[in-house]
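**Student:** Input: one structure, supplied below.
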Amino acid sequence: MAFGPYLLLATLEGLVTAAVLALMALGLSLVFGVMRVVNVAHGEFYMLGAVLAWWFASLVSGHPAIGFLLALILSPLVVAAIAFLAERLVLSRLNYEPEATIVATIGLLYILQQLALTFYGPEARPVQAPFDMRISLPWFGYSAYKLAVIVASILMMLATWFALTRTKIGLVMRATQYDRETAQAFGIPVGRVYAGVFALGAALAAVAAVLIVPIQQAHYLMGLDPLLLSFIVVIIGGLGSLRGTVVAAILIGLSDGIISMFFSPTLAKMLTTLLVALVLVFRPQGLFGTVAR
Amino acid sequence: MTNVKSLWLHAAVILLLFALNFLLPEYHRGIFSRVMVLAVFAMGYNLAFGYTGLLSLGHAMFFAAGLYGAGLTIYHLGWSVWPALGAGLLAGTLLALVVGFLALRTTGVAFMIVTLMFAQVFYLTTLYFTTYTRGEEGLVLPQAMRSLALPGASFSLTDPATRYMAALALLTIVLGLVLILVRSPYGRALIAIRENEERMRMLGYDVFANKLASVVISGLICAAAGAAYAVLFGYVGSGFASIQYSILPLLWVLLGGAATTLGPLIGTLFMFYIIDTASDYTTAYLLVVGLALILLILYFPKGIAGTVRERWLPWLP
């Protein structure tokens, strides 16, 4: 294969990574933006989404699309419910102190990981894609499902953006983010908003996971790498800036796809992680963020 | 008066551990040796987290720097134990200096994430140079090379009793060092920085330099634990650089009591035995770790020694 088509393939793969990453990072960014909570368990919500997707899909027989759709609807709902409970039972009692919530979400990470290992097992299992079609390009055939993932991710992000900027719920969320005490004084149930945002963030991670399981398999340790990548995306994009998050996800996804096609993946990860740590040290507001008020 | 009391208490703890060498059954003596080395790791972490208020999520890299500094020089260069320990200490200290210098430009959440990422880079580095480190599989140091030369005699660190005594010696030195440090004016300054950084700056203290020194000493102690672990237990692997080993000292310190001198030892010992007991019933020991973290932070944020100090013994350092 010549260099051009090779690069095109790398770009397409990168875009798929970016699409999933953007959804996941969007969840992390929402939680951090509104609640100022760094959710270390975010990767486990992603893992849980994938594992549940496999479970739901294995419940029904017949056309694979039925199982997949069932997973796409139910898995994020279950994950959101678990996140909601965790928020009410643990995080809200810690008064959202940054250090205490980090420790608590680390605890949550271990619990979810262990439960997945105990009940799901150490195997990696795939979910069948809802449709099996290949789009033939002049140089190679490309899975139509992967393109559908990109489209689905764009739709999800547009929906989130619409909900945040054009609906009453979004208004309430933004008010809470802007000034928690004033929002409370105006009768906004801040606690319930926080729980909702935490559940929404987890649900976004779960949707990302359901979209990815037909491509990558569900495994109980799959949460860590996407968690670190989402951290990277959220930091590069500027903590709490949604537009920055999307731009950074595309940037990181593409460069990850292209770099790991030409270099050793470990070296690629090493360099990006180091680069991002240095960005955070020397430009804490991120590349696109503005200086905090 | 209180100085004398706390000195007696610490001396009593060391004496008790010394006596346990002769009283404990073999299996538990092995656990205690390991706990003492890891408690030193926790003490180093406690200096940064407990006393200075720097919540780092990357201390595994300092432990692993000591581990690899000692292990690689023994394995590949054939160094004897003393210079290898020195190499481990040097590696950890230099790493702490560089990481501290960069990471301390940030505070709060950003500090945690930056330290986490530096540690991840270190972990990936150990995987990348897998020709030398053998990655996750790790290196086993040959038994013949693990002998400690002292004036007059040479001891094999593979012998359980010698290993126990070596671990106890390390623990004694570090415990003494930490005790002197936190009672000195410098230790008081660190605690004051934790409580109110702005005020210390107004009072004319160089906050950055004090914090950097704290990270470097903390890194040095953690590296000492890592280097000792390599020569005492003879195994060097990337697992010790992974995120889990950054979280564990946090757990031990929280359980034992942050900003107490004996807390890390108590916490490490308790956690080891909780996991040991739990693994008799279930293989799901991570569940225990997770639940312990959440319950501790919810109901018991001061830890064991912290609660004892608050309720009964206000003089506890």
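Residue numbering restarts at 1 for every chain of the structure tokens, chains are lettered A, B, ... in their displayed order, and ligands are numbered from 1 as they appear.
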Check which residues of chain A sit at most 10 Å from chain B using only C-alpha atoms, and return one row each with the closest pair of atoms and their distance in Å to one decimal, ordered by chain and rising number, as CSV.

**Tutor:**
```
residue,atom,partner,partner_atom,distance
A:Arg36,CA,B:Val109,CA,9.2
A:Val37,CA,B:Val109,CA,8.9
A:Val38,CA,B:Val109,CA,7.5
A:Leu89,CA,B:Leu298,CA,9.9
A:Val90,CA,B:Leu298,CA,7.3
A:Leu91,CA,B:Leu298,CA,9.0
A:Arg93,CA,B:Leu298,CA,7.3
A:Leu94,CA,B:Leu298,CA,6.7
A:Pro98,CA,B:Val109,CA,7.0
A:Glu99,CA,B:Leu55,CA,7.3
A:Ala100,CA,B:Ile297,CA,6.4
A:Thr101,CA,B:Ile297,CA,8.6
A:Ile102,CA,B:Val109,CA,9.0
A:Val103,CA,B:Leu293,CA,6.7
A:Ala104,CA,B:Ile294,CA,4.9
A:Thr105,CA,B:Ile294,CA,7.9
A:Ile106,CA,B:Gly290,CA,7.1
A:Gly107,CA,B:Gly290,CA,3.8
A:Leu108,CA,B:Gly290,CA,6.0
A:Leu109,CA,B:Gly290,CA,7.1
A:Tyr110,CA,B:Gly290,CA,4.9
A:Ile111,CA,B:Leu287,CA,4.7
A:Leu112,CA,B:Leu287,CA,8.0
A:Gln113,CA,B:Leu286,CA,8.0
A:Gln114,CA,B:Leu287,CA,5.6
A:Leu115,CA,B:Leu287,CA,7.4
A:Leu117,CA,B:Ala284,CA,8.4
A:Thr118,CA,B:Ala284,CA,7.2
A:Leu224,CA,B:Ile243,CA,9.8
A:Leu228,CA,B:Met117,CA,8.2
A:Phe231,CA,B:Ile113,CA,8.1
A:Ile232,CA,B:Met117,CA,9.2
A:Ile235,CA,B:Ala110,CA,9.1
A:Leu239,CA,B:Ala110,CA,9.9
A:Ser264,CA,B:Tyr128,CA,9.0
A:Pro265,CA,B:Tyr128,CA,9.5
A:Thr266,CA,B:Tyr128,CA,6.3
A:Leu267,CA,B:Tyr128,CA,6.8
A:Ala268,CA,B:Leu124,CA,9.9
A:Lys269,CA,B:Leu124,CA,7.7
A:Met270,CA,B:Val121,CA,5.2
A:Leu271,CA,B:Val121,CA,7.9
A:Thr272,CA,B:Val121,CA,9.1
A:Thr273,CA,B:Met117,CA,6.2
A:Leu274,CA,B:Val121,CA,6.3
A:Leu275,CA,B:Met117,CA,9.7
A:Val276,CA,B:Met117,CA,8.2
A:Ala277,CA,B:Val114,CA,5.3
A:Leu278,CA,B:Leu102,CA,7.9
A:Val279,CA,B:Val114,CA,9.5
A:Leu280,CA,B:Val114,CA,6.9
A:Val281,CA,B:Thr106,CA,6.1
A:Phe282,CA,B:Arg105,CA,7.9
A:Arg283,CA,B:Thr106,CA,9.7
A:Pro284,CA,B:Thr106,CA,7.5
```

**Student:** Per DSSP on the backbone, filter range 49-182 of chain B down to the residues in alpha helix (DSSP H) and report them as a PyMOL selection string.

**Tutor:** chain B and resi 60-77+81-103+108-128+130-133+160-182

**Student:** Tell me which protein, DNA and RNA residues are within 10 Å of Leu85 in chain A, counting only C-alpha atoms, leaving out same-chain ones fewer than 5 positions away, and put them as a list in words.

**Tutor:**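 Once the nearby chain positions are removed, what remains is Val79, Ala80, Val90, Leu91, Ala195, Phe198 and Ala199 of chain A.
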
**Student:** Mind the document's chain letters and residue numbers, and return as a ChimeraX atom specification the residues of range 1-182 of chain A that DSSP labels strand (DSSP E or B).

**Tutor:** /A:125,134-136,141-143

**Student:** Generate a file of the selected residues that holds N, CA and C atoms, formatted as a PDB file, in the first residue's frame.

**Tutor:**
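The result, stored in part10.pdb:
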```
ATOM      1  N   ARG A 125     -14.514 -10.269  25.863  1.00  0.00           N
ATOM      2  CA  ARG A 125     -15.585 -10.785  25.012  1.00  0.00           C
ATOM      3  C   ARG A 125     -16.097  -9.679  24.084  1.00  0.00           C
ATOM      4  N   ARG A 134     -19.146  -3.490   4.535  1.00  0.00           N
ATOM      5  CA  ARG A 134     -17.852  -2.859   4.277  1.00  0.00           C
ATOM      6  C   ARG A 134     -18.010  -1.875   3.137  1.00  0.00           C
ATOM      7  N   ILE A 135     -17.474  -0.699   3.339  1.00  0.00           N
ATOM      8  CA  ILE A 135     -17.471   0.280   2.266  1.00  0.00           C
ATOM      9  C   ILE A 135     -16.155   0.103   1.536  1.00  0.00           C
ATOM     10  N   SER A 136     -16.225  -0.186   0.232  1.00  0.00           N
ATOM     11  CA  SER A 136     -14.954  -0.429  -0.442  1.00  0.00           C
ATOM     12  C   SER A 136     -14.428   0.860  -1.039  1.00  0.00           C
ATOM     13  N   GLY A 141     -10.991  -1.924   1.944  1.00  0.00           N
ATOM     14  CA  GLY A 141     -12.366  -1.859   2.401  1.00  0.00           C
ATOM     15  C   GLY A 141     -12.403  -1.364   3.827  1.00  0.00           C
ATOM     16  N   TYR A 142     -13.421  -0.586   4.163  1.00  0.00           N
ATOM     17  CA  TYR A 142     -13.468  -0.058   5.518  1.00  0.00           C
ATOM     18  C   TYR A 142     -14.824  -0.348   6.136  1.00  0.00           C
ATOM     19  N   SER A 143     -14.804  -0.738   7.424  1.00  0.00           N
ATOM     20  CA  SER A 143     -16.038  -1.131   8.084  1.00  0.00           C
ATOM     21  C   SER A 143     -17.005   0.050   8.200  1.00  0.00           C
TER      22      SER A 143
END
```

**Student:** Residues at most 12 Å from Leu251 in chain A, counting only C-alpha atoms, excluding those fewer than 2 positions away in the same chain, as an MDAnalysis selection string?

**Tutor:** chainID A and resid 11 14:15 17:19 21:22 229 232:234 236:237 244:249 253:259 272 287

**Student:** Keeping only C-alpha atoms, write the selected residues as an mmCIF file, in the first residue's frame.

**Tutor:**
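Output (out.cif):
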```cif
data_model
loop_
_atom_site.group_PDB
_atom_site.id
_atom_site.type_symbol
_atom_site.label_atom_id
_atom_site.label_comp_id
_atom_site.auth_asym_id
_atom_site.auth_seq_id
_atom_site.Cartn_x
_atom_site.Cartn_y
_atom_site.Cartn_z
ATOM 1 C CA THR A 11 -6.670 9.020 9.925
ATOM 2 C CA GLY A 14 -7.771 8.029 14.569
ATOM 3 C CA LEU A 15 -11.179 9.575 13.970
ATOM 4 C CA THR A 17 -10.676 6.810 18.556
ATOM 5 C CA ALA A 18 -11.372 10.541 18.692
ATOM 6 C CA ALA A 19 -15.145 10.013 18.469
ATOM 7 C CA LEU A 21 -12.683 9.635 23.385
ATOM 8 C CA ALA A 22 -14.619 12.862 22.898
ATOM 9 C CA LEU A 229 -6.471 9.683 27.645
ATOM 10 C CA ILE A 232 -5.191 14.327 28.740
ATOM 11 C CA VAL A 233 -8.027 15.531 26.507
ATOM 12 C CA VAL A 234 -9.734 17.474 29.284
ATOM 13 C CA ILE A 236 -5.358 20.031 26.804
ATOM 14 C CA GLY A 237 -8.814 21.364 26.064
ATOM 15 C CA GLY A 244 -11.864 22.741 23.957
ATOM 16 C CA THR A 245 -12.611 19.149 24.971
ATOM 17 C CA VAL A 246 -13.981 18.253 21.546
ATOM 18 C CA VAL A 247 -11.115 19.925 19.679
ATOM 19 C CA ALA A 248 -8.563 18.253 21.941
ATOM 20 C CA ALA A 249 -10.233 14.845 21.525
ATOM 21 C CA GLY A 253 -7.339 10.768 18.749
ATOM 22 C CA LEU A 254 -5.809 11.596 15.368
ATOM 23 C CA SER A 255 -2.261 11.875 16.649
ATOM 24 C CA ASP A 256 -2.688 8.661 18.657
ATOM 25 C CA GLY A 257 -3.958 6.841 15.560
ATOM 26 C CA ILE A 258 -1.213 8.164 13.323
ATOM 27 C CA ILE A 259 1.691 7.947 15.799
ATOM 28 C CA THR A 272 2.057 12.160 24.858
ATOM 29 C CA LEU A 287 -4.301 25.204 25.285
#
```

**Student:** Interatomic distance between CA of Leu52 in chain A and CA of Phe84 in chain A?

**Tutor:**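 Atom-to-atom, CA of Leu52 in chain A to CA of Phe84 in chain A, that is 16.9 Å.
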
**Student:** Give me the residues within 10 Å of range 2-7 of chain A as a PDB file with C-alpha atoms, in the first residue's frame, counting only C-alpha atoms and dropping any in the same chain fewer than 3 places off.

**Tutor:**
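File written: selection-v8.pdb
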```pdb
ATOM      1  CA  ALA A  10      -4.530   5.873  10.039  1.00  0.00           C
ATOM      2  CA  THR A  11      -6.670   9.020   9.925  1.00  0.00           C
ATOM      3  CA  LEU A  12      -9.913   7.029   9.807  1.00  0.00           C
ATOM      4  CA  GLU A  13      -8.786   4.870  12.735  1.00  0.00           C
ATOM      5  CA  LEU A 137     -12.559   2.370  -1.103  1.00  0.00           C
ATOM      6  CA  PRO A 138     -10.204   2.150  -4.092  1.00  0.00           C
ATOM      7  CA  TRP A 139      -7.336   0.954  -1.826  1.00  0.00           C
ATOM      8  CA  PHE A 140      -8.978  -0.979   0.983  1.00  0.00           C
ATOM      9  CA  GLY A 257      -3.958   6.841  15.560  1.00  0.00           C
ATOM     10  CA  ILE A 258      -1.213   8.164  13.323  1.00  0.00           C
ATOM     11  CA  MET A 261       0.697   3.301  13.299  1.00  0.00           C
ATOM     12  CA  PHE A 262       4.254   4.463  12.657  1.00  0.00           C
TER      13      PHE A 262
END
```

**Student:** Would you work out the distance separating CA of Phe240 in chain B from CA of Leu227 in chain A, expressed in Å to one decimal?

**Tutor:**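 Going from CA of Phe240 in chain B over to CA of Leu227 in chain A, I get 20.2 Å.
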